[in-house]
$ cat upload.tsv   # TSV, C-alpha atoms and all ligand atoms
chain	number	residue	atom	x	y	z
A	176	MET	CA	96.47	99.60	107.23
A	177	ARG	CA	96.91	96.86	104.64
A	178	PHE	CA	95.97	97.00	100.99
A	179	LEU	CA	95.80	94.01	98.70
A	180	VAL	CA	95.54	94.42	94.95
A	181	LEU	CA	93.07	91.69	94.03
A	182	GLY	CA	92.86	92.69	90.39
A	183	SER	CA	95.03	95.29	88.66
A	184	ALA	CA	93.57	95.23	85.14
A	185	ALA	CA	90.72	97.32	83.74
A	186	GLY	CA	87.42	95.86	82.54
A	187	GLY	CA	88.07	92.78	80.41
A	188	GLY	CA	91.21	91.82	82.31
A	189	PHE	CA	94.57	90.85	80.81
A	190	PRO	CA	94.40	89.00	78.50
A	191	GLN	CA	90.82	89.91	77.58
A	192	TRP	CA	88.82	86.92	76.33
A	193	ASN	CA	88.31	88.22	72.79
A	194	CYS	CA	91.39	90.41	72.38
A	195	ASN	CA	94.21	89.48	70.05
A	196	CYS	CA	96.34	92.60	70.51
A	197	GLY	CA	100.11	92.18	70.89
A	198	ASN	CA	99.94	92.52	74.68
A	199	CYS	CA	97.17	89.93	75.03
A	200	GLN	CA	99.00	87.53	72.70
A	201	ARG	CA	102.10	87.71	74.90
A	202	ALA	CA	100.08	87.21	78.08
A	203	ARG	CA	98.25	84.25	76.57
A	204	ALA	CA	101.53	82.70	75.44
A	205	GLY	CA	102.79	82.71	79.03
A	206	ASP	CA	105.48	85.34	78.41
A	207	PRO	CA	106.90	86.07	81.89
A	208	ALA	CA	107.18	89.78	81.01
A	209	ALA	CA	103.42	89.93	80.29
A	210	ARG	CA	101.87	88.66	83.50
A	211	PRO	CA	98.10	88.10	83.35
A	212	ARG	CA	95.98	90.38	85.51
A	213	SER	CA	92.40	90.11	86.70
A	214	GLN	CA	89.80	92.84	86.85
A	215	SER	CA	89.78	95.92	89.00
A	216	SER	CA	89.46	95.44	92.76
A	217	LEU	CA	91.37	96.02	96.00
A	218	ALA	CA	90.89	94.82	99.55
A	219	VAL	CA	91.71	96.93	102.60
A	220	SER	CA	91.97	96.19	106.30
A	221	ALA	CA	92.91	98.18	109.39
A	222	ASP	CA	93.63	95.12	111.54
A	223	GLY	CA	94.39	92.31	109.08
A	224	ASP	CA	91.33	90.53	110.42
A	225	CYS	CA	88.31	92.08	108.79
A	226	TRP	CA	88.50	93.22	105.17
A	227	PHE	CA	86.53	95.46	102.83
A	228	LEU	CA	86.51	95.11	99.08
A	229	LEU	CA	87.03	98.29	97.13
A	230	ASN	CA	84.89	97.41	94.12
A	231	ALA	CA	83.77	93.87	93.38
A	232	SER	CA	85.01	92.59	90.04
A	233	PRO	CA	83.59	89.77	87.93
A	234	ASP	CA	86.80	87.86	88.84
A	235	LEU	CA	86.07	88.05	92.56
A	236	ARG	CA	85.63	84.33	93.06
A	237	ASP	CA	89.15	83.60	91.83
A	238	GLN	CA	90.53	86.65	93.64
A	239	ILE	CA	89.20	85.39	96.96
A	240	ALA	CA	90.63	81.95	96.25
A	241	ALA	CA	94.05	83.51	95.51
A	242	ASN	CA	94.22	85.51	98.75
A	243	ARG	CA	94.35	83.47	101.94
A	244	VAL	CA	93.36	86.37	104.22
A	245	LEU	CA	89.95	86.38	102.50
A	246	HIS	CA	89.22	82.71	103.19
A	247	PRO	CA	86.66	81.54	105.80
A	248	ARG	CA	88.35	80.95	109.15
A	249	HIS	CA	85.83	79.46	111.56
A	250	GLY	CA	82.43	77.82	111.82
A	251	LYS	CA	80.70	76.36	108.80
A	252	ARG	CA	80.01	79.67	107.12
A	253	HIS	CA	82.28	82.66	107.61
A	254	SER	CA	84.07	85.35	105.67
A	255	PRO	CA	86.62	87.98	106.72
A	256	ILE	CA	84.95	90.16	104.05
A	257	GLN	CA	82.70	92.57	105.91
A	258	GLY	CA	81.55	94.52	102.93
A	259	ALA	CA	82.33	96.34	99.72
A	260	VAL	CA	82.72	100.00	98.81
A	261	LEU	CA	81.90	100.84	95.21
A	262	THR	CA	83.29	103.76	93.19
A	263	ASN	CA	80.91	103.46	90.24
A	264	ALA	CA	78.42	101.05	88.67
A	265	ASP	CA	80.67	99.77	85.87
A	266	VAL	CA	80.45	96.05	85.24
A	267	ASP	CA	84.09	95.55	86.26
A	268	HIS	CA	83.26	97.09	89.66
A	269	VAL	CA	79.86	95.60	90.51
A	270	GLY	CA	79.82	92.24	88.69
A	271	GLY	CA	81.48	90.53	91.66
A	272	LEU	CA	78.57	91.37	93.95
A	273	LEU	CA	76.78	88.45	92.32
A	274	THR	CA	79.56	86.18	93.62
A	275	LEU	CA	78.78	87.36	97.16
A	276	ARG	CA	75.37	85.69	97.25
A	277	GLU	CA	74.74	82.72	99.60
A	278	SER	CA	73.12	84.64	102.48
A	279	GLN	CA	76.33	86.03	103.94
A	280	PRO	CA	76.12	89.22	106.03
A	281	LEU	CA	77.73	92.15	104.20
A	282	ASN	CA	77.59	95.93	104.10
A	283	VAL	CA	77.57	97.42	100.60
A	284	TYR	CA	78.53	101.09	100.48
A	285	ALA	CA	77.94	103.21	97.37
A	286	THR	CA	76.57	106.62	96.44
A	287	ARG	CA	72.80	106.96	96.24
A	288	ARG	CA	73.12	107.08	92.47
A	289	VAL	CA	75.02	103.77	92.29
A	290	GLN	CA	72.72	102.19	94.91
A	291	GLY	CA	69.83	103.24	92.65
A	292	VAL	CA	71.41	101.45	89.67
A	293	LEU	CA	71.77	98.26	91.73
A	294	ARG	CA	68.23	98.58	93.08
A	295	ASP	CA	66.80	99.03	89.57
A	296	ASN	CA	68.47	95.84	88.38
A	297	SER	CA	66.60	92.89	89.83
A	298	LEU	CA	69.58	90.56	89.31
A	299	PHE	CA	71.18	92.13	92.39
A	300	ASN	CA	68.22	91.03	94.51
A	301	ILE	CA	70.21	87.81	94.73
A	302	LEU	CA	71.96	89.64	97.60
A	303	ASN	CA	69.53	88.61	100.28
A	304	PRO	CA	68.30	91.82	102.00
A	305	GLU	CA	68.01	89.91	105.28
A	306	PHE	CA	71.78	89.66	105.29
A	307	VAL	CA	73.11	92.39	103.03
A	308	GLU	CA	72.78	96.00	104.09
A	309	ARG	CA	73.01	98.60	101.34
A	310	ILE	CA	74.37	101.81	102.77
A	311	ALA	CA	74.22	105.13	100.91
A	312	LEU	CA	77.60	106.83	100.88
A	313	PRO	CA	77.27	110.60	101.01
A	314	THR	CA	79.91	112.59	99.12
A	315	ASP	CA	82.43	114.73	100.98
A	316	GLU	CA	81.45	113.23	104.31
A	317	THR	CA	83.56	110.81	106.29
A	318	VAL	CA	81.93	107.50	107.10
A	319	ALA	CA	83.20	104.84	109.50
A	320	LEU	CA	83.09	101.43	107.82
A	321	ARG	CA	81.27	98.97	110.05
A	322	ARG	CA	81.80	95.28	110.48
A	323	VAL	CA	78.70	93.21	109.90
A	324	ASP	CA	78.13	93.00	113.67
A	325	GLY	CA	77.93	96.81	113.73
A	326	SER	CA	81.26	97.34	115.43
A	327	PRO	CA	83.80	99.76	113.95
A	328	SER	CA	86.34	98.30	111.53
A	329	GLY	CA	88.93	100.97	112.24
A	330	LEU	CA	88.59	102.28	108.68
A	331	GLN	CA	87.01	105.52	107.59
A	332	VAL	CA	86.19	106.46	104.01
A	333	THR	CA	85.33	109.73	102.35
A	334	ALA	CA	83.84	109.54	98.86
A	335	PHE	CA	84.19	112.53	96.58
A	336	PRO	CA	83.07	113.08	92.97
A	337	VAL	CA	85.79	112.95	90.32
A	338	PRO	CA	85.66	113.73	86.58
A	339	GLY	CA	84.26	110.63	84.91
A	340	LYS	CA	81.43	109.07	83.01
A	341	VAL	CA	78.24	107.15	83.70
A	342	ALA	CA	78.53	103.35	83.27
A	343	LEU	CA	78.60	102.22	79.64
A	344	TYR	CA	75.26	100.39	79.86
A	345	LEU	CA	73.56	103.51	81.27
A	346	GLU	CA	74.80	105.97	78.65
A	347	ASP	CA	72.01	108.13	77.28
A	348	ALA	CA	72.92	109.10	73.73
A	349	THR	CA	70.22	111.81	73.75
A	350	ALA	CA	71.65	113.52	76.84
A	351	GLY	CA	74.43	115.41	75.06
A	352	GLU	CA	78.16	115.26	75.41
A	353	ASN	CA	78.32	113.66	78.85
A	354	PHE	CA	75.71	110.92	78.17
A	355	GLY	CA	73.69	111.92	81.24
A	356	THR	CA	76.57	111.59	83.70
A	357	VAL	CA	75.96	113.03	87.17
A	358	ALA	CA	78.51	113.78	89.91
A	359	GLU	CA	77.72	110.66	91.94
A	360	ASP	CA	78.37	108.33	89.00
A	361	THR	CA	82.11	108.23	89.67
A	362	VAL	CA	83.74	108.85	93.03
A	363	GLY	CA	87.21	108.57	94.42
A	364	LEU	CA	87.78	107.30	97.94
A	365	ARG	CA	89.94	108.65	100.73
A	366	ILE	CA	90.67	105.82	103.15
A	367	THR	CA	92.24	106.22	106.57
A	368	ASP	CA	92.81	104.22	109.71
A	369	GLY	CA	93.18	107.44	111.66
A	370	SER	CA	96.89	107.58	111.08
A	371	LYS	CA	97.78	106.88	107.43
A	372	VAL	CA	95.88	108.18	104.42
A	373	ALA	CA	95.37	106.49	101.06
A	374	TYR	CA	93.35	107.36	97.98
A	375	TYR	CA	91.73	105.04	95.49
A	376	LEU	CA	90.71	106.45	92.10
A	377	PRO	CA	90.29	103.63	89.56
A	378	GLY	CA	88.35	105.87	87.16
A	379	CYS	CA	89.30	109.50	86.73
A	380	ALA	CA	89.08	111.56	83.55
A	381	ALA	CA	91.14	114.58	84.65
A	382	LEU	CA	93.13	115.96	87.56
A	383	PRO	CA	91.92	119.51	88.23
A	384	GLU	CA	93.74	121.71	90.73
A	385	SER	CA	91.21	120.91	93.47
A	386	LEU	CA	91.88	117.21	93.13
A	387	GLN	CA	95.65	117.73	93.07
A	388	GLN	CA	95.37	119.59	96.35
A	389	ARG	CA	93.13	116.96	97.87
A	390	ILE	CA	95.53	114.09	97.25
A	391	GLY	CA	98.68	116.05	98.05
A	392	GLY	CA	100.38	114.72	101.18
A	393	ALA	CA	98.78	111.26	100.99
A	394	ASP	CA	100.82	108.21	101.98
A	395	LEU	CA	99.53	106.22	99.02
A	396	VAL	CA	97.49	106.77	95.87
A	397	PHE	CA	96.05	104.02	93.66
A	398	PHE	CA	95.22	105.69	90.37
A	399	ASP	CA	93.48	105.05	87.04
A	400	GLY	CA	96.06	103.48	84.73
A	401	THR	CA	93.70	102.60	81.89
A	402	THR	CA	95.66	103.83	78.88
A	403	TRP	CA	99.14	105.05	78.03
A	404	THR	CA	97.95	107.20	75.10
A	405	ASP	CA	94.40	108.44	74.64
A	406	ASP	CA	94.07	106.84	71.19
A	407	GLU	CA	95.69	103.52	72.08
A	408	MET	CA	92.61	101.39	71.37
A	409	LEU	CA	92.53	102.90	67.87
A	410	THR	CA	96.26	102.56	67.16
A	411	THR	CA	96.33	98.95	68.36
A	412	GLY	CA	93.30	98.32	66.15
A	413	VAL	CA	91.07	96.86	68.86
A	414	GLY	CA	88.43	99.57	69.13
A	415	HIS	CA	87.30	103.04	68.22
A	416	LYS	CA	87.03	104.65	71.66
A	417	THR	CA	89.54	107.01	73.18
A	418	GLY	CA	90.44	106.91	76.86
A	419	GLN	CA	88.67	110.24	77.34
A	420	ARG	CA	85.51	108.86	75.73
A	421	MET	CA	85.58	106.09	78.34
A	422	GLY	CA	86.14	108.54	81.22
A	423	HIS	CA	89.85	107.94	81.78
A	424	MET	CA	92.93	110.14	81.60
A	425	SER	CA	96.04	108.71	79.96
A	426	MET	CA	99.47	108.27	81.47
A	427	SER	CA	101.61	109.98	78.83
A	428	GLY	CA	101.66	113.39	77.15
A	429	PRO	CA	101.33	116.95	78.40
A	430	ASP	CA	97.86	116.28	79.91
A	431	GLY	CA	98.84	112.83	81.13
A	432	THR	CA	98.99	111.39	84.62
A	433	LEU	CA	102.80	111.29	84.86
A	434	GLN	CA	102.95	115.01	84.16
A	435	ALA	CA	99.93	115.93	86.32
A	436	PHE	CA	101.32	114.11	89.36
A	437	SER	CA	104.89	115.27	88.97
A	438	GLY	CA	104.71	118.10	91.50
A	439	ILE	CA	102.39	116.46	94.04
A	440	PRO	CA	103.96	115.10	97.23
A	441	ILE	CA	102.69	111.52	97.64
A	442	GLY	CA	104.33	108.59	99.47
A	443	ARG	CA	103.65	105.84	96.95
A	444	ARG	CA	101.79	106.06	93.66
A	445	VAL	CA	100.47	102.90	92.06
A	446	PHE	CA	98.65	102.40	88.78
A	447	ILE	CA	95.68	100.06	88.87
A	448	HIS	CA	92.76	99.51	86.41
A	449	ILE	CA	95.28	99.03	83.58
A	450	ASN	CA	93.78	98.25	80.18
A	451	ASN	CA	95.14	95.25	78.27
A	452	THR	CA	96.33	97.52	75.44
A	453	ASN	CA	98.55	99.59	77.77
A	454	PRO	CA	102.27	98.99	77.07
A	455	VAL	CA	103.19	99.52	80.75
A	456	LEU	CA	101.81	96.01	81.33
A	457	LEU	CA	104.96	94.67	79.66
A	458	ASP	CA	107.90	94.47	82.07
A	459	ASP	CA	110.31	95.12	79.20
A	460	SER	CA	108.62	98.11	77.54
A	461	PRO	CA	110.12	101.61	77.36
A	462	GLN	CA	106.79	102.95	78.66
A	463	ARG	CA	107.14	100.80	81.81
A	464	LEU	CA	110.58	102.29	82.37
A	465	GLU	CA	109.29	105.82	81.82
A	466	ALA	CA	106.45	105.37	84.32
A	467	GLU	CA	108.81	103.89	86.91
A	468	GLN	CA	111.33	106.66	86.39
A	469	ALA	CA	108.49	109.12	87.04
A	470	GLY	CA	108.01	107.45	90.44
A	471	TRP	CA	105.11	105.13	89.65
A	472	GLU	CA	104.63	101.50	90.56
A	473	ILE	CA	102.64	99.31	88.18
A	474	GLY	CA	100.07	97.39	90.19
A	475	TYR	CA	99.92	93.62	89.85
A	476	ASP	CA	97.59	90.98	91.24
A	477	GLY	CA	98.68	89.96	94.72
A	478	MET	CA	100.57	93.20	95.40
A	479	GLU	CA	100.35	94.06	99.09
A	480	ILE	CA	101.05	97.45	100.62
A	481	ARG	CA	101.26	98.02	104.36
A	482	LEU	CA	101.09	101.55	105.68
A	501	LIG	C1	85.59	101.61	82.15
A	501	LIG	O1	86.34	101.59	83.13
A	501	LIG	O2	85.70	102.47	81.27
A	501	LIG	C2	84.52	100.60	82.06
A	501	LIG	O3	84.72	99.60	82.99
A	501	LIG	C3	84.43	100.08	80.67
A	501	LIG	C4	83.42	99.00	80.56
A	501	LIG	O4	82.34	99.08	81.15
A	501	LIG	O5	83.71	98.03	79.85
A	502	MN	MN	86.49	99.94	84.38
A	503	ZN	ZN	94.40	93.08	74.25

$ encode --input "upload.tsv" --output "structure tokens"
Amino acid sequence: MRFLVLGSAAGGGFPQWNCNCGNCQRARAGDPAARPRSQSSLAVSADGDCWFLLNASPDLRDQIAANRVLHPRHGKRHSPIQGAVLTNADVDHVGGLLTLRESQPLNVYATRRVQGVLRDNSLFNILNPEFVERIALPTDETVALRRVDGSPSGLQVTAFPVPGKVALYLEDATAGENFGTVAEDTVGLRITDGSKVAYYLPGCAALPESLQQRIGGADLVFFDGTTWTDDEMLTTGVGHKTGQRMGHMSMSGPDGTLQAFSGIPIGRRVFIHINNTNPVLLDDSPQRLEAEQAGWEIGYDGMEIRL
């Protein structure tokens, strides 16, 4: 199985267009220790031939251009991309679907809830239904990902609800503390080729015991690396929301990811969906060192992992 990190940053990317925080200033200045990163997406393949996107970011056009294995290979119209699997309906994870127009066969997998959000937004009708099949992904059931010709891709996914939050633009302020969030709003994915097992959780607000047990023993976990501290957007002066308010757990502290993962046996652990305010983005920061010493890799655009 091969994984490609197409985009390792959270929504907004790094640097974010309107952000003037210290991190974004360094990235914009071309500081080699503050490498730019595009928005949250991976690609996965069992055979190196056909690929599935795991989320489709607004930067998808450039991400495809930057990764040769995703380029057309034969005929006048072709793509190795057979489809996309979505973990939520956030803009950073569905915006790229609009790039996949042009009457190209594709299979789009997402929970019924997320499929409903796409269906209710007529902009996504640009994905020609004659070519694009929208497949409801049940939770806690294993589904074989199909190539567009219907044949098996060699990949199987299992979606499962994780603690999280409904997409920002769907928040219902009258619905109480969780803004109307339902279980199918945010899922994690277990991905296997029948031999190796990987997990992809770009949005996850907590790591309860059940989730720790689920991911224990995996060969690889890509995990929500949005913030280092919960109040980082406030302390850097760029916003008023905490990580928890956005549906993300932080890396540091007693309730943080480093601590929560410390006893779980996992082959490789990689942070993705990293917010531009997070100090681990800087190669020379003490927080980067601390995360690496805790056994984490900090995802970057173009990172490839073969299992
Ligand atoms: C998130 O991951 O919290 C969202 O992508 C934020 C957003 O929609 O901007
Ligand atoms: Mn996001
Ligand atoms: Zn910034």

$ residues_around --input "upload.tsv" --residues "Thr333 in chain A" --least-positions-apart "6" --cutoff "9 Å" --atoms "all atoms listed in the file" --output "PyMOL selection string"
chain A and resi 312-319+363-367

$ closest_atom_pairs --input "upload.tsv" --of "chain A" --to "ligand MN 502 (chain A)" --cutoff "9 Å" --atoms "all atoms listed in the file" --output "Markdown table"
| residue | atom | partner | partner_atom | distance |
| --- | --- | --- | --- | --- |
| A:Ala184 | CA | A:MN502 | MN | 8.5 |
| A:Ala185 | CA | A:MN502 | MN | 5.0 |
| A:Gly186 | CA | A:MN502 | MN | 4.6 |
| A:Gly187 | CA | A:MN502 | MN | 8.3 |
| A:Gln214 | CA | A:MN502 | MN | 8.2 |
| A:Ser215 | CA | A:MN502 | MN | 7.0 |
| A:Asn263 | CA | A:MN502 | MN | 8.8 |
| A:Asp265 | CA | A:MN502 | MN | 6.0 |
| A:Val266 | CA | A:MN502 | MN | 7.2 |
| A:Asp267 | CA | A:MN502 | MN | 5.3 |
| A:His268 | CA | A:MN502 | MN | 6.8 |
| A:Ala342 | CA | A:MN502 | MN | 8.7 |
| A:Pro377 | CA | A:MN502 | MN | 7.4 |
| A:Gly378 | CA | A:MN502 | MN | 6.8 |
| A:Thr401 | CA | A:MN502 | MN | 8.1 |
| A:Met421 | CA | A:MN502 | MN | 8.7 |
| A:His448 | CA | A:MN502 | MN | 6.6 |
| A:Ile449 | CA | A:MN502 | MN | 8.9 |
| A:Asn450 | CA | A:MN502 | MN | 8.6 |

$ atom_distance --input "upload.tsv" --atom1 "CA of Asp324 in chain A" --atom2 "CA of Gln257 in chain A"
9.0 Å

$ axis_aligned_box --input "upload.tsv" --around "range 409-414 of chain A" --padding-each-side "4 Å" --output "JSON"
{"center_x": 92.4, "center_y": 99.9, "center_z": 67.6, "size_x": 15.9, "size_y": 14.0, "size_z": 11.0}

$ closest_residue --input "upload.tsv" --among "A:Pro304, A:Arg201, A:Lys416, A:Asp360" --to "Val292 in chain A" --atoms "only C-alpha atoms"
A:Asp360

$ residues_near_point --input "upload.tsv" --point "(88.4, 99.3, 115.3)" --cutoff "9 Å" --atoms "all atoms listed in the file" --output "mmCIF file with C-alpha atoms, keeping the file's coordinate frame"
data_model
loop_
_atom_site.group_PDB
_atom_site.id
_atom_site.type_symbol
_atom_site.label_atom_id
_atom_site.label_comp_id
_atom_site.auth_asym_id
_atom_site.auth_seq_id
_atom_site.Cartn_x
_atom_site.Cartn_y
_atom_site.Cartn_z
ATOM 1 C CA ALA A 221 92.910 98.180 109.390
ATOM 2 C CA ASP A 222 93.630 95.120 111.540
ATOM 3 C CA ARG A 321 81.270 98.970 110.050
ATOM 4 C CA SER A 326 81.260 97.340 115.430
ATOM 5 C CA PRO A 327 83.800 99.760 113.950
ATOM 6 C CA SER A 328 86.340 98.300 111.530
ATOM 7 C CA GLY A 329 88.930 100.970 112.240
ATOM 8 C CA LEU A 330 88.590 102.280 108.680
ATOM 9 C CA ASP A 368 92.810 104.220 109.710
#

$ residues_near_ligand --input "upload.tsv" --ligand "ligand ZN 503 (chain A)" --cutoff "6 Å" --atoms "only C-alpha atoms and all ligand atoms" --output "PDB file with C-alpha atoms, in the coordinates of the input"
ATOM      1  CA  PRO A 190      94.400  89.000  78.500  1.00  0.00           C
ATOM      2  CA  GLN A 191      90.820  89.910  77.580  1.00  0.00           C
ATOM      3  CA  CYS A 194      91.390  90.410  72.380  1.00  0.00           C
ATOM      4  CA  ASN A 195      94.210  89.480  70.050  1.00  0.00           C
ATOM      5  CA  CYS A 196      96.340  92.600  70.510  1.00  0.00           C
ATOM      6  CA  ASN A 198      99.940  92.520  74.680  1.00  0.00           C
ATOM      7  CA  CYS A 199      97.170  89.930  75.030  1.00  0.00           C
ATOM      8  CA  ASN A 451      95.140  95.250  78.270  1.00  0.00           C
ATOM      9  CA  THR A 452      96.330  97.520  75.440  1.00  0.00           C
TER      10      THR A 452
END

$ atom_distance --input "upload.tsv" --atom1 "CA of Phe398 in chain A" --atom2 "CA of Cys379 in chain A"
7.9 Å

$ residues_around --input "upload.tsv" --residues "Ile310 in chain A" --least-positions-apart "5" --cutoff "9 Å" --atoms "all atoms listed in the file" --output "ChimeraX atom specification"
/A:282-287,290
